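The data block below is protein-v5.txt; it holds compact mmCIF, C-alpha atoms.
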# COMPACT_ATOMS: atom_id res chain seq x y z
CA MET O 780 24.36 -5.24 -4.88
CA ALA O 781 20.79 -5.85 -6.00
CA ARG O 782 17.99 -3.80 -4.47
CA THR O 783 16.19 -6.98 -3.35
CA LYS O 784 19.08 -7.87 -1.06
CA ARG O 785 19.43 -4.37 0.40
CA ILE O 786 15.79 -4.03 1.47
CA LYS O 787 14.98 -4.93 5.07
CA LYS O 788 12.13 -7.26 5.92
CA ILE O 789 9.16 -5.40 7.40
CA PHE O 790 6.85 -7.04 9.96
CA GLY O 791 3.44 -5.56 10.75
CA THR O 792 1.66 -5.90 14.10
CA LYS O 793 -1.94 -5.43 15.23
CA GLU O 794 -1.18 -1.87 16.45
CA ARG O 795 0.84 -0.96 13.35
CA PRO O 796 0.03 -3.18 10.36
CA ARG O 797 1.97 -3.23 7.10
CA LEU O 798 0.77 -1.48 3.93
CA SER O 799 2.15 -3.67 1.15
CA VAL O 800 2.22 -2.32 -2.41
CA PHE O 801 2.61 -4.51 -5.49
CA ARG O 802 3.08 -2.88 -8.88
CA SER O 803 2.61 -4.88 -12.05
CA ILE O 804 2.86 -3.63 -15.61
CA LYS O 805 -0.89 -2.98 -15.98
CA ASN O 806 -2.18 -2.60 -12.40
CA ILE O 807 -1.28 -1.70 -8.83
CA HIS O 808 -2.39 -3.53 -5.69
CA ALA O 809 -2.29 -2.47 -2.04
CA GLN O 810 -3.10 -4.47 1.05
CA ILE O 811 -2.91 -3.89 4.78
CA ILE O 812 -1.54 -6.96 6.54
CA ASP O 813 -1.29 -7.98 10.19
CA ASP O 814 1.75 -10.27 10.09
CA ALA O 815 1.37 -11.39 13.70
CA GLU O 816 -1.93 -13.12 12.87
CA GLY O 817 -1.16 -13.65 9.20
CA LYS O 818 -4.33 -11.88 8.03
CA THR O 819 -5.04 -9.39 5.27
CA MET O 820 -7.23 -6.68 6.75
CA VAL O 821 -7.78 -4.50 3.66
CA TYR O 822 -7.20 -5.19 -0.04
CA VAL O 823 -7.64 -2.69 -2.88
CA SER O 824 -6.63 -3.05 -6.51
CA SER O 825 -6.87 -1.10 -9.74
CA LEU O 826 -8.10 -4.18 -11.64
CA LYS O 827 -11.65 -2.87 -12.10
CA SER O 828 -10.69 0.79 -12.34
CA LYS O 829 -10.94 2.51 -15.70
CA ASN O 830 -7.56 4.14 -15.06
CA GLY O 831 -5.80 0.82 -14.52
CA GLY O 832 -2.30 1.07 -13.15
CA ASN O 833 -1.39 4.59 -14.25
CA LEU O 834 -0.81 7.52 -11.86
CA ALA O 835 -4.51 8.33 -11.57
CA GLY O 836 -5.30 4.70 -10.80
CA ALA O 837 -2.57 4.59 -8.14
CA LYS O 838 -3.97 7.72 -6.47
CA GLN O 839 -7.45 6.22 -6.51
CA VAL O 840 -6.16 3.01 -4.89
CA GLY O 841 -4.36 5.06 -2.22
CA LYS O 842 -7.55 6.96 -1.37
CA LEU O 843 -9.60 3.75 -1.18
CA VAL O 844 -7.03 2.11 1.09
CA ALA O 845 -7.15 5.11 3.42
CA GLU O 846 -10.96 5.06 3.54
CA LYS O 847 -11.15 1.34 4.29
CA ALA O 848 -8.38 1.57 6.90
CA LYS O 849 -10.12 4.44 8.68
CA ALA O 850 -13.34 2.39 8.75
CA LEU O 851 -11.42 -0.33 10.63
CA GLY O 852 -9.81 2.21 12.97
CA ILE O 853 -6.32 1.90 11.49
CA LYS O 854 -4.29 5.10 11.41
CA HIS O 855 -0.59 4.19 11.83
CA LEU O 856 1.06 1.88 9.30
CA LEU O 857 4.40 0.59 8.08
CA PHE O 858 4.93 1.18 4.36
CA ASP O 859 6.28 -1.82 2.43
CA ARG O 860 7.10 -0.96 -1.17
CA GLY O 861 8.66 -4.36 -1.81
CA THR O 862 11.35 -4.23 -4.47
CA SER O 863 9.81 -1.24 -6.25
CA ARG O 864 11.41 2.18 -6.00
CA TYR O 865 9.60 4.94 -4.13
CA HIS O 866 8.91 6.65 -7.43
CA GLY O 867 6.05 7.16 -9.86
CA ARG O 868 2.99 5.03 -9.15
CA VAL O 869 4.22 3.78 -5.76
CA LYS O 870 4.87 7.34 -4.62
CA ALA O 871 1.47 8.51 -5.91
CA LEU O 872 -0.28 5.72 -3.98
CA ALA O 873 1.63 6.57 -0.79
CA GLU O 874 0.90 10.30 -1.03
CA ALA O 875 -2.81 9.67 -1.67
CA ALA O 876 -2.96 7.38 1.37
CA ARG O 877 -1.28 10.08 3.48
CA GLU O 878 -3.77 12.67 2.23
CA GLY O 879 -6.51 10.25 3.29
CA GLY O 880 -5.27 10.40 6.88
CA LEU O 881 -2.88 7.45 7.19
CA ILE O 882 0.42 7.98 8.98
CA PHE O 883 3.59 6.12 7.96

So that I can check it, write out the structure of this file as C-alpha cells.
Amino acid sequence: MARTKRIKKIFGTKERPRLSVFRSIKNIHAQIIDDAEGKTMVYVSSLKSKNGGNLAGAKQVGKLVAEKAKALGIKHLLFDRGTSRYHGRVKALAEAAREGGLIF
C-alpha cells in the first residue's frame, strides 16, 4: 500500500495548529496553519537562504519557524510531514523547531 494512503489526515485548531512541511528537490518550506479558520499563521522557506534545501537550510527554517511561532504565542503544534518520510531534511527541521521551544 502506498504511503499516501496510509497517512492520516491532520487537522489543526486555534489552540494546537498544524506545522506543515513541504520538501522539494531544491528547497524546504514550513508553515503553521489554523485549519479551523483556514489561515496560515507563519510561513518560512529556504528559498532565499544560501544553504537552500540541504540539512543546514532545513535546520535554519526550523529555528525561524520556532522564533516566529513563539512571537505569536504558539507553543504546542501538530506535526504534518505530508507524504515525506521523517528522515533527513524533514527530521532536521523538526528537531530544530523542538530545540527552539516548540512541542509536538

* Interatomic distance between CA of Ile804 in chain O and CA of Leu857 in chain O? -> 24.1 Å

* Residue among O:Gly791, O:Gly831, O:Gly841, O:Gly836 lying closest to Lys818 in chain O, counting only C-alpha atoms -> O:Gly791

* Please determine the residues with any atom at most 12 Å from (2.9, -5.5, 13.7) (coordinates as given in the file, with all atoms listed in the file counting) and report them as a VMD selection string. => chain O and resid 789 to 798 811 to 818 855 to 858

I need the residues from that last selection saved to file as a short mmCIF file (atom, residue, chain, number, x, y, z; two decimals), keeping the file's coordinate frame (with C-alpha atoms), if you can.
data_model
loop_
_atom_site.label_atom_id
_atom_site.label_comp_id
_atom_site.auth_asym_id
_atom_site.auth_seq_id
_atom_site.Cartn_x
_atom_site.Cartn_y
_atom_site.Cartn_z
CA ILE O 789 9.16 -5.40 7.40
CA PHE O 790 6.85 -7.04 9.96
CA GLY O 791 3.44 -5.56 10.75
CA THR O 792 1.66 -5.90 14.10
CA LYS O 793 -1.94 -5.43 15.23
CA GLU O 794 -1.18 -1.87 16.45
CA ARG O 795 0.84 -0.96 13.35
CA PRO O 796 0.03 -3.18 10.36
CA ARG O 797 1.97 -3.23 7.10
CA LEU O 798 0.77 -1.48 3.93
CA ILE O 811 -2.91 -3.89 4.78
CA ILE O 812 -1.54 -6.96 6.54
CA ASP O 813 -1.29 -7.98 10.19
CA ASP O 814 1.75 -10.27 10.09
CA ALA O 815 1.37 -11.39 13.70
CA GLU O 816 -1.93 -13.12 12.87
CA GLY O 817 -1.16 -13.65 9.20
CA LYS O 818 -4.33 -11.88 8.03
CA HIS O 855 -0.59 4.19 11.83
CA LEU O 856 1.06 1.88 9.30
CA LEU O 857 4.40 0.59 8.08
CA PHE O 858 4.93 1.18 4.36
#

* Find the residues near Gly880 in chain O: any atom within 10 Å, counting only C-alpha atoms, skip ones fewer than 4 places away on the same chain, and give them as a count of residues only. => 10

* Neighbours of His866 in chain O within 12 Å (only C-alpha atoms; same-chain residues fewer than 6 positions away dropped), as an MDAnalysis selection string? -> chainID O and resid 802 834 837 860 872:874

* Structure fact -> Val800 in chain O proximity check over O:Leu881, O:Ser824, O:Ala835, O:Leu851, using all atoms listed in the file: winner is O:Ser824

* What gap, in Å, lies between CA of Gly867 in chain O and CA of Lys847 in chain O? -> 23.0 Å

* To do: Please measure the separation of CA of Ile882 in chain O and CA of Lys870 in chain O, giving the value in Å to one decimal.
  =>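 These atoms are spaced 14.3 Å apart.
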
* **Which of O:Val844, O:Val821, O:Ile807, O:Ala850 sits closest to Arg877 in chain O [using all atoms listed in the file]** =>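 The closest residue to Arg877 in chain O is O:Val844.
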
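The residue that comes closest to Asn833 in chain O, out of O:Asn806, O:Tyr865, O:Thr819, O:Asp859 and on the basis of all atoms listed in the file, is O:Asn806.
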
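Proximity ranking of O:Val840, O:Ser863, O:Met820, O:Arg868 relative to His808 in chain O places O:Val840 first, based on all atoms listed in the file.
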
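Closest to Lys827 in chain O among O:Lys805, O:Ala871, O:Lys788, O:Gln810 is O:Lys805, based on only C-alpha atoms.
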
Hey, can I get the axis-aligned box for range 857-873 of chain O? All listed atoms, 8 Å padding on each side, centre and edge lengths in Å to one decimal, as JSON.
{"center_x": 5.6, "center_y": 2.1, "center_z": -0.9, "size_x": 27.7, "size_y": 28.9, "size_z": 33.9}
